[in-house]
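Q: So I've got this file, work_21.cif, and it contains mmCIF, C-alpha atoms:
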data_input
loop_
_atom_site.label_atom_id
_atom_site.label_comp_id
_atom_site.auth_asym_id
_atom_site.auth_seq_id
_atom_site.Cartn_x
_atom_site.Cartn_y
_atom_site.Cartn_z
CA MET A 1 8.72 -8.68 -8.26
CA GLY A 2 7.11 -11.31 -10.46
CA ARG A 3 3.68 -12.82 -10.62
CA GLN A 4 2.00 -13.18 -7.22
CA ILE A 5 -1.47 -14.50 -8.00
CA THR A 6 -1.91 -17.14 -10.70
CA ARG A 7 -5.14 -18.38 -12.26
CA GLU A 8 -4.92 -21.49 -10.08
CA LEU A 9 -4.59 -19.37 -6.93
CA ALA A 10 -7.41 -17.08 -8.10
CA ASP A 11 -9.73 -20.10 -8.33
CA LYS A 12 -8.69 -21.16 -4.83
CA ILE A 13 -9.29 -17.65 -3.45
CA ALA A 14 -12.77 -17.61 -5.02
CA SER A 15 -13.48 -21.01 -3.55
CA LYS A 16 -12.13 -20.02 -0.11
CA LEU A 17 -14.35 -16.90 -0.07
CA LYS A 18 -17.31 -19.03 -1.17
CA ALA A 19 -17.76 -16.73 -4.16
CA ARG A 20 -20.63 -17.19 -6.59
CA ILE A 21 -19.29 -17.32 -10.13
CA ASN A 22 -21.11 -15.43 -12.85
CA THR A 23 -20.06 -16.85 -16.22
CA THR A 24 -22.48 -14.97 -18.45
CA VAL A 25 -22.12 -11.24 -17.91
CA SER A 26 -18.52 -10.81 -19.11
CA LYS A 27 -16.86 -11.78 -22.40
CA ALA A 28 -13.35 -12.31 -21.09
CA HIS A 29 -13.83 -13.09 -17.40
CA ASP A 30 -15.79 -15.16 -14.97
CA ILE A 31 -16.94 -12.73 -12.28
CA ALA A 32 -16.50 -13.99 -8.72
CA GLN A 33 -19.02 -12.38 -6.36
CA VAL A 34 -18.45 -12.63 -2.63
CA TYR A 35 -21.55 -12.37 -0.45
CA GLU A 36 -21.93 -12.01 3.29
CA GLY A 37 -25.49 -13.00 4.00
CA ASP A 38 -27.54 -11.52 1.15
CA VAL A 39 -25.21 -8.59 0.62
CA LEU A 40 -22.57 -8.44 -2.11
CA VAL A 41 -19.32 -7.44 -0.47
CA ALA A 42 -16.74 -7.65 -3.25
CA SER A 43 -16.26 -8.96 -6.75
CA PHE A 44 -13.33 -9.72 -9.01
CA GLY A 45 -12.69 -11.06 -12.48
CA ILE A 46 -11.06 -14.41 -13.21
CA ARG A 47 -9.57 -14.48 -16.70
CA ARG A 48 -10.84 -17.25 -18.94
CA GLY A 49 -8.18 -19.58 -20.28
CA SER A 50 -6.56 -22.88 -19.63
CA GLN A 51 -3.18 -21.62 -18.37
CA LYS A 52 -2.87 -22.31 -14.66
CA ASP A 53 -0.15 -19.68 -14.26
CA GLN A 54 -2.08 -16.86 -15.95
CA GLY A 55 -1.51 -13.64 -14.00
CA HIS A 56 -4.21 -12.34 -11.64
CA ASP A 57 -2.29 -9.73 -9.68
CA HIS A 58 -5.33 -7.43 -9.84
CA ILE A 59 -7.22 -9.58 -7.31
CA PRO A 60 -5.67 -8.30 -4.03
CA GLY A 61 -6.83 -4.76 -4.83
CA GLN A 62 -10.30 -6.02 -5.70
CA ILE A 63 -10.72 -7.75 -2.36
CA PHE A 64 -9.00 -4.96 -0.43
CA VAL A 65 -6.03 -6.90 0.93
CA ASN A 66 -2.37 -6.98 0.03
CA ALA A 67 -0.86 -9.65 -2.23
CA HIS A 68 0.52 -11.58 0.76
CA PHE A 69 -2.91 -11.83 2.44
CA ALA A 70 -4.52 -12.84 -0.86
CA LYS A 71 -1.89 -15.52 -1.39
CA LEU A 72 -2.45 -16.90 2.12
CA LEU A 73 -6.19 -17.01 1.44
CA GLY A 74 -5.58 -19.21 -1.59
CA GLN A 75 -2.90 -21.32 0.04
CA CYS A 76 -4.93 -21.98 3.21
CA PRO A 77 -3.51 -20.20 6.29
CA LYS A 78 -6.02 -17.32 6.02
CA SER A 79 -9.71 -18.11 6.31
CA ARG A 80 -12.86 -16.50 4.93
CA ALA A 81 -13.68 -15.40 8.50
CA GLN A 82 -10.35 -13.56 8.73
CA TRP A 83 -11.02 -11.83 5.41
CA ILE A 84 -14.54 -10.84 6.55
CA ALA A 85 -12.98 -9.42 9.76
CA GLU A 86 -10.48 -7.47 7.61
CA MET A 87 -13.29 -6.06 5.48
CA ARG A 88 -15.28 -5.12 8.59
CA THR A 89 -12.23 -3.27 9.97
CA LYS A 90 -12.01 -1.30 6.73
CA GLY A 91 -15.71 -0.37 6.85
CA LEU A 92 -16.49 -2.39 3.75
CA LEU A 93 -19.29 -4.42 5.32
CA PRO A 94 -22.74 -3.10 6.20
CA ASP A 95 -23.31 -2.56 9.94
CA MET B 1 57.93 -20.04 10.86
CA THR B 2 56.76 -22.07 13.81
CA THR B 3 54.19 -24.73 13.49
CA LYS B 4 51.87 -26.17 16.08
CA SER B 5 50.57 -29.65 16.13
CA ALA B 6 47.44 -29.88 14.05
CA SER B 7 46.25 -32.77 16.15
CA GLN B 8 46.18 -30.48 19.25
CA TYR B 9 43.54 -28.34 17.59
CA SER B 10 41.70 -31.32 16.28
CA ASN B 11 41.59 -32.85 19.75
CA ARG B 12 40.26 -29.63 21.24
CA LEU B 13 37.52 -29.57 18.61
CA SER B 14 36.67 -33.17 19.31
CA ASN B 15 36.48 -32.51 23.05
CA VAL B 16 34.00 -29.69 22.50
CA ALA B 17 31.99 -31.91 20.22
CA ASP B 18 32.05 -34.75 22.75
CA SER B 19 30.81 -32.47 25.50
CA ARG B 20 27.88 -31.34 23.33
CA SER B 21 26.87 -34.71 22.03
CA GLU B 22 27.64 -38.32 22.70
CA ARG B 23 27.16 -38.99 19.00
CA SER B 24 30.59 -37.56 18.21
CA HIS B 25 33.09 -40.26 17.33
CA GLY B 26 36.37 -40.86 15.45
CA THR B 27 37.57 -37.85 13.49
CA SER B 28 34.08 -36.37 13.23
CA SER B 29 33.15 -33.07 14.87
CA LEU B 30 29.85 -31.54 15.74
CA ILE B 31 29.53 -28.17 14.00
CA PRO B 32 26.60 -25.88 13.26
CA ASN B 33 25.10 -26.22 9.81
CA PHE B 34 24.55 -22.64 8.66
CA LYS B 35 23.41 -23.82 5.23
CA SER B 36 20.11 -25.07 6.62
CA SER B 37 17.25 -22.90 5.37
CA ASP B 38 15.25 -23.28 8.58
CA ALA B 39 17.72 -22.50 11.29
CA CYS B 40 21.14 -23.30 12.53
CA GLN B 41 21.19 -27.05 13.08
CA TRP B 42 23.97 -29.23 14.41
CA ARG B 43 25.28 -31.92 12.14
CA MET B 44 28.18 -34.35 11.97
CA VAL B 45 30.99 -33.59 9.53
CA GLU B 46 34.48 -34.88 9.01
CA SER B 47 36.94 -32.56 10.78
CA VAL B 48 39.38 -30.69 8.57
CA GLU B 49 42.87 -30.99 9.92
CA PRO B 50 45.00 -27.84 9.50
CA THR B 51 48.40 -28.70 8.12
CA GLU B 52 50.24 -25.90 9.84
CA ILE B 53 49.64 -22.74 11.86
CA VAL B 54 51.83 -19.93 10.56
CA ASP B 55 53.32 -17.21 12.72
CA ASN B 56 51.57 -14.25 11.11
CA TRP B 57 48.15 -15.90 11.08
CA GLU B 58 46.53 -12.87 12.71
CA HIS B 59 47.72 -10.59 9.94
CA ARG B 60 46.62 -13.06 7.29
CA LEU B 61 43.23 -13.50 8.95
CA ARG B 62 42.74 -9.72 9.07
CA ALA B 63 43.67 -9.44 5.37
CA ALA B 64 41.27 -12.25 4.49
CA MET B 65 38.48 -10.60 6.51
CA THR B 66 39.10 -7.28 4.75
CA LYS B 67 38.96 -9.04 1.38
CA LEU B 68 35.75 -10.84 2.35
CA SER B 69 34.20 -7.61 3.61
CA SER B 70 34.95 -5.70 0.40
CA SER B 71 33.65 -8.62 -1.65
CA LEU B 72 30.39 -8.54 0.37
CA ASP B 73 30.14 -4.76 -0.10
CA GLU B 74 30.52 -5.23 -3.85
CA SER B 75 27.88 -7.96 -3.98
CA MET B 76 25.44 -5.84 -1.90
CA LYS B 77 26.00 -2.89 -4.25
CA GLN B 78 25.35 -5.19 -7.21
CA SER B 79 22.08 -6.53 -5.78
CA ARG B 80 20.87 -3.00 -4.91
CA LEU B 81 21.70 -1.94 -8.46
CA THR B 82 19.70 -4.89 -9.85
CA ILE B 83 16.69 -3.94 -7.66
CA LEU B 84 16.91 -0.32 -8.86
CA GLU B 85 17.18 -1.43 -12.50
CA ASN B 86 14.06 -3.58 -12.09
CA ARG B 87 12.19 -0.66 -10.50
CA VAL B 88 13.18 1.66 -13.36
CA THR B 89 12.00 -0.95 -15.89
CA GLN B 90 8.68 -1.24 -14.03
CA LEU B 91 8.26 2.54 -13.99
CA GLU B 92 9.15 2.81 -17.68
CA ASP B 93 6.58 0.14 -18.50
CA SER B 94 3.87 1.83 -16.41
CA SER B 95 1.67 4.48 -17.93
CA SER B 96 -1.56 6.42 -17.70
CA THR B 97 -4.18 6.52 -20.40
CA ILE B 98 -7.93 6.97 -20.82
CA ILE B 99 -10.86 4.92 -22.04
CA ALA B 100 -12.43 7.03 -24.76
CA SER B 101 -14.93 4.56 -26.17
CA PHE B 102 -16.74 1.30 -25.47
CA ALA B 103 -17.90 0.85 -29.07
CA PRO B 104 -19.50 -1.35 -30.27
CA GLU B 105 -21.03 -2.05 -26.84
CA ARG B 106 -24.42 -0.48 -26.13
CA VAL B 107 -23.25 1.88 -23.44
CA LYS B 108 -22.78 5.63 -23.54
CA LEU B 109 -19.52 7.02 -22.21
CA LEU B 110 -20.30 10.29 -20.45
CA LYS B 111 -16.66 11.23 -19.88
CA ALA B 112 -13.28 9.63 -20.42
CA ILE B 113 -12.23 7.08 -17.79
CA PRO B 114 -8.69 7.52 -16.45
CA VAL B 115 -6.68 4.30 -16.41
CA SER B 116 -3.34 3.55 -14.84
CA ILE B 117 -1.38 0.58 -16.18
CA ARG B 118 1.56 -0.85 -14.26
CA TYR B 119 4.01 -3.59 -15.05
CA THR B 120 4.27 -6.13 -12.24
CA GLY B 121 7.31 -8.01 -13.50
CA ASP B 122 5.43 -10.66 -15.45
CA ASP B 123 2.09 -9.08 -16.26
CA PHE B 124 0.36 -5.75 -16.59
CA VAL B 125 -2.42 -4.57 -14.27
CA ALA B 126 -4.80 -1.86 -15.48
CA THR B 127 -6.71 0.05 -12.81
CA PHE B 128 -9.53 2.57 -12.67
CA PHE B 129 -8.74 3.82 -9.18
CA ASP B 130 -11.92 5.82 -8.50
CA ALA B 131 -14.05 2.71 -8.96
CA THR B 132 -11.52 0.29 -7.40
CA LEU B 133 -11.60 -1.85 -10.52
CA SER B 134 -8.58 -3.65 -11.96
CA ALA B 135 -7.77 -6.31 -14.51
CA SER B 136 -4.61 -8.17 -15.54
CA GLY B 137 -3.19 -8.94 -18.95
CA ASP B 138 -0.09 -10.45 -20.52
CA THR B 139 0.46 -7.20 -22.42
CA HIS B 140 -0.29 -3.52 -21.89
CA GLU B 141 -3.11 -3.70 -24.47
CA GLU B 142 -4.63 -6.88 -23.04
CA ALA B 143 -4.75 -5.42 -19.53
CA PHE B 144 -6.46 -2.31 -20.94
CA GLU B 145 -9.04 -4.37 -22.87
CA ASN B 146 -9.64 -6.63 -19.88
CA LEU B 147 -10.28 -3.59 -17.68
CA LYS B 148 -12.85 -2.31 -20.19
CA ASP B 149 -14.52 -5.72 -20.06
CA ILE B 150 -14.59 -5.68 -16.23
CA ILE B 151 -15.92 -2.10 -16.08
CA LEU B 152 -18.77 -2.93 -18.44
CA SER B 153 -19.60 -6.24 -16.76
CA ILE B 154 -19.61 -4.79 -13.24
CA PHE B 155 -21.67 -1.78 -14.34
CA GLN B 156 -24.28 -3.96 -16.07
CA MET B 157 -24.38 -6.44 -13.20
CA PHE B 158 -24.66 -3.88 -10.39
CA SER B 159 -27.22 -1.79 -12.33
CA GLU B 160 -29.54 -4.79 -12.43
CA MET B 161 -29.20 -5.55 -8.71
CA HIS B 162 -31.34 -4.08 -5.96
CA SER B 163 -29.39 -1.46 -4.02
CA ASP B 164 -30.16 -3.27 -0.72
CA THR B 165 -28.11 -6.23 -1.90
CA LEU B 166 -25.03 -4.10 -2.60
CA GLY B 167 -22.50 -3.67 0.20
CA PRO B 168 -20.62 -0.37 0.76
CA LEU B 169 -17.90 -1.10 -1.82
CA PRO B 170 -20.16 -2.26 -4.71
CA ARG B 171 -22.54 0.65 -3.98
CA ARG B 172 -19.64 3.10 -4.24
CA GLN B 173 -18.36 1.38 -7.39
CA LEU B 174 -21.80 1.70 -9.01
CA ALA B 175 -22.07 5.36 -7.99
CA VAL B 176 -18.68 6.15 -9.56
CA LEU B 177 -19.42 4.15 -12.72
CA SER B 178 -22.76 5.95 -13.10
CA ASP B 179 -20.82 9.22 -13.35
CA PHE B 180 -18.98 7.87 -16.38
CA LEU B 181 -21.37 5.46 -18.06
CA GLN B 182 -24.97 5.22 -19.10
CA LEU B 183 -26.67 2.12 -20.45
CA ASP B 184 -28.24 2.57 -23.88
CA ASP B 185 -31.91 1.61 -23.98
#
Could you take the file, read its structure, and then write that structure out as structure tokens?

A:
Amino acid sequence: MGRQITRELADKIASKLKARINTTVSKAHDIAQVYEGDVLVASFGIRRGSQKDQGHDHIPGQIFVNAHFAKLLGQCPKSRAQWIAEMRTKGLLPD
Amino acid sequence: MTTKSASQYSNRLSNVADSRSERSHGTSSLIPNFKSSDACQWRMVESVEPTEIVDNWEHRLRAAMTKLSSSLDESMKQSRLTILENRVTQLEDSSSTIIASFAPERVKLLKAIPVSIRYTGDDFVATFFDATLSASGDTHEEAFENLKDIILSIFQMFSEMHSDTLGPLPRRQLAVLSDFLQLDD
């Protein structure tokens, strides 16, 4: 199967979702927090390190999409709005 | 053994090519390029002139097709076997364990946290399914330690936030984590 989400892609996904990055709470990770309005919708860890190809295959599960959707978020075709719509469909956003 | 003029066939090919495109010229023919990754595209190639057409060409063609077909069968079997071998390796490298301690962190573990660790082909992903929390690592141990780090960080972070600012998923994650963890004062 191989690595789907690299560190580089993880950074792009965080940026695409306009995540706020908490660098102080964790020892080994930067915590990306995704907000919709004032409400925290999802969060995921980005491993610290300089390797761009470091594995981050845990991220799709953390943002409730499959690896393909997560990849497309990082690579551009999928937008934050499409992810928000996906989360709304799954009942993971407040009404 | 009778032979037919190779140029007859070549001419027929050229005529077809001419009718499809005015670009066809000389000994070139217009044939589909099946090697293209996008789609079948037409391209110009030099025509290959058959030297002779043998009498029993049908029989030979059938034999060649049979050989090709069995070779394809063999290669399909081989690739399915490779996929199965990879799956078995992944399953063998996947495991279940528990988090029994967060020492020396200042948090009390109320009960053991079940963790599933799976091999993804390049990395390991450790998951605490009830809380929808996962972390990756280059090794089994690193994924496990990274998950402990994420569990603690998320628990501390969410505990300090006002519940109104937590969406459905973080609220559920905090509720599950509160069943397993308690912050030391």

Q: May I ask for the distance between atom CA of Leu166 of chain B and atom CA of Leu40 of chain A, given in Å to one decimal place?

A: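 Value for the atom CA of Leu166 of chain B-atom CA of Leu40 of chain A distance: 5.0 Å.
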
Q: Using only C-alpha atoms - which residues lie no farther than 12 Å from the point (2.2, -0.5, -16.3) in the file's frame? Write them as number ranges by chain.

A: B: 87-97, 115-127, 135-144

Q: One number please: atom CA of Gly55 of chain A to atom CA of Arg3 of chain A, in Å, one decimal.

A: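 Separating atom CA of Gly55 of chain A from atom CA of Arg3 of chain A is a distance of 6.2 Å.
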
Q: Neighbouring residues of Arg80 of chain A were defined as those with any atom within 7 Å, considering all atoms listed in the file; residues of the same chain fewer than 4 positions away were excluded. Please report them as a list in words.

A: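 So, after excluding close chain neighbours, the residues are Lys16, Leu17 and Ile84 of chain A.
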
Q: Create the file for the chosen residues now, containing C-alpha atoms and written as a short mmCIF file (atom, residue, chain, number, x, y, z; two decimals), in the frame of the given file.

A:
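The result, stored in out.cif:
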data_model
loop_
_atom_site.label_atom_id
_atom_site.label_comp_id
_atom_site.auth_asym_id
_atom_site.auth_seq_id
_atom_site.Cartn_x
_atom_site.Cartn_y
_atom_site.Cartn_z
CA LYS A 16 -12.13 -20.02 -0.11
CA LEU A 17 -14.35 -16.90 -0.07
CA ILE A 84 -14.54 -10.84 6.55
#

Q: Name the residues that the PyMOL selection byres ((chain A and resi 87) around 12) pulls out of this structure, and write them as a ChimeraX atom specification.

A: /A:34-36,41-42,62-65,80-86,88-95 /B:167-169

Q: With distances taken over only C-alpha atoms, which residue among A:Arg48, A:His58, A:His68, A:Lys78 lies nearest chain B?

A: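 Smallest separation from chain B among the options: A:His58.
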
Q: Mind telling me what the PyMOL selection byres ((chain A and resi 5) around 9) catches here, as a list in words?

A: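 Residues picked by the PyMOL selection byres ((chain A and resi 5) around 9): Arg3, Gln4, Thr6, Arg7, Glu8, Leu9, Ala10, Asp53, Gln54, Gly55, His56, Asp57, His58, Ile59, Pro60, Ala67, Ala70, Lys71 and Gly74 of chain A.
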
Q: Which residue, A:Phe44, A:Gly49, A:Ala19, A:Pro77, has the smallest gap to chain B when you use only C-alpha atoms?

A: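 Checking each candidate against chain B, we get A:Phe44 as the closest.
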
Q: If you measure from atom CA of Val107 of chain B to atom CA of Lys148 of chain B, what distance in Å do you get, rounded to one decimal?

A: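 Distance between the two atoms: 11.7 Å.
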
Q: Just want the 10 Å neighbourhood of Thr23 of chain A, counted on only C-alpha atoms, with same-chain residues fewer than 4 positions away dropped. Output as a VMD selection string.

A: chain A and resid 27 to 32 46 48

Q: For the structure provided, state which residues fall under the PyMOL selection byres ((chain A and resi 26) around 10), and present them as a ChimeraX atom specification.

A: /A:22-25,27-31,45,47 /B:146,149-154,156-157

Q: Export, as a short mmCIF file (atom, residue, chain, number, x, y, z; two decimals), keeping the file's coordinate frame, the selected residues with C-alpha atoms.

A:
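Output below, filename out18.cif:
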data_model
loop_
_atom_site.label_atom_id
_atom_site.label_comp_id
_atom_site.auth_asym_id
_atom_site.auth_seq_id
_atom_site.Cartn_x
_atom_site.Cartn_y
_atom_site.Cartn_z
CA ASN A 22 -21.11 -15.43 -12.85
CA THR A 23 -20.06 -16.85 -16.22
CA THR A 24 -22.48 -14.97 -18.45
CA VAL A 25 -22.12 -11.24 -17.91
CA LYS A 27 -16.86 -11.78 -22.40
CA ALA A 28 -13.35 -12.31 -21.09
CA HIS A 29 -13.83 -13.09 -17.40
CA ASP A 30 -15.79 -15.16 -14.97
CA ILE A 31 -16.94 -12.73 -12.28
CA GLY A 45 -12.69 -11.06 -12.48
CA ARG A 47 -9.57 -14.48 -16.70
CA ASN B 146 -9.64 -6.63 -19.88
CA ASP B 149 -14.52 -5.72 -20.06
CA ILE B 150 -14.59 -5.68 -16.23
CA ILE B 151 -15.92 -2.10 -16.08
CA LEU B 152 -18.77 -2.93 -18.44
CA SER B 153 -19.60 -6.24 -16.76
CA ILE B 154 -19.61 -4.79 -13.24
CA GLN B 156 -24.28 -3.96 -16.07
CA MET B 157 -24.38 -6.44 -13.20
#
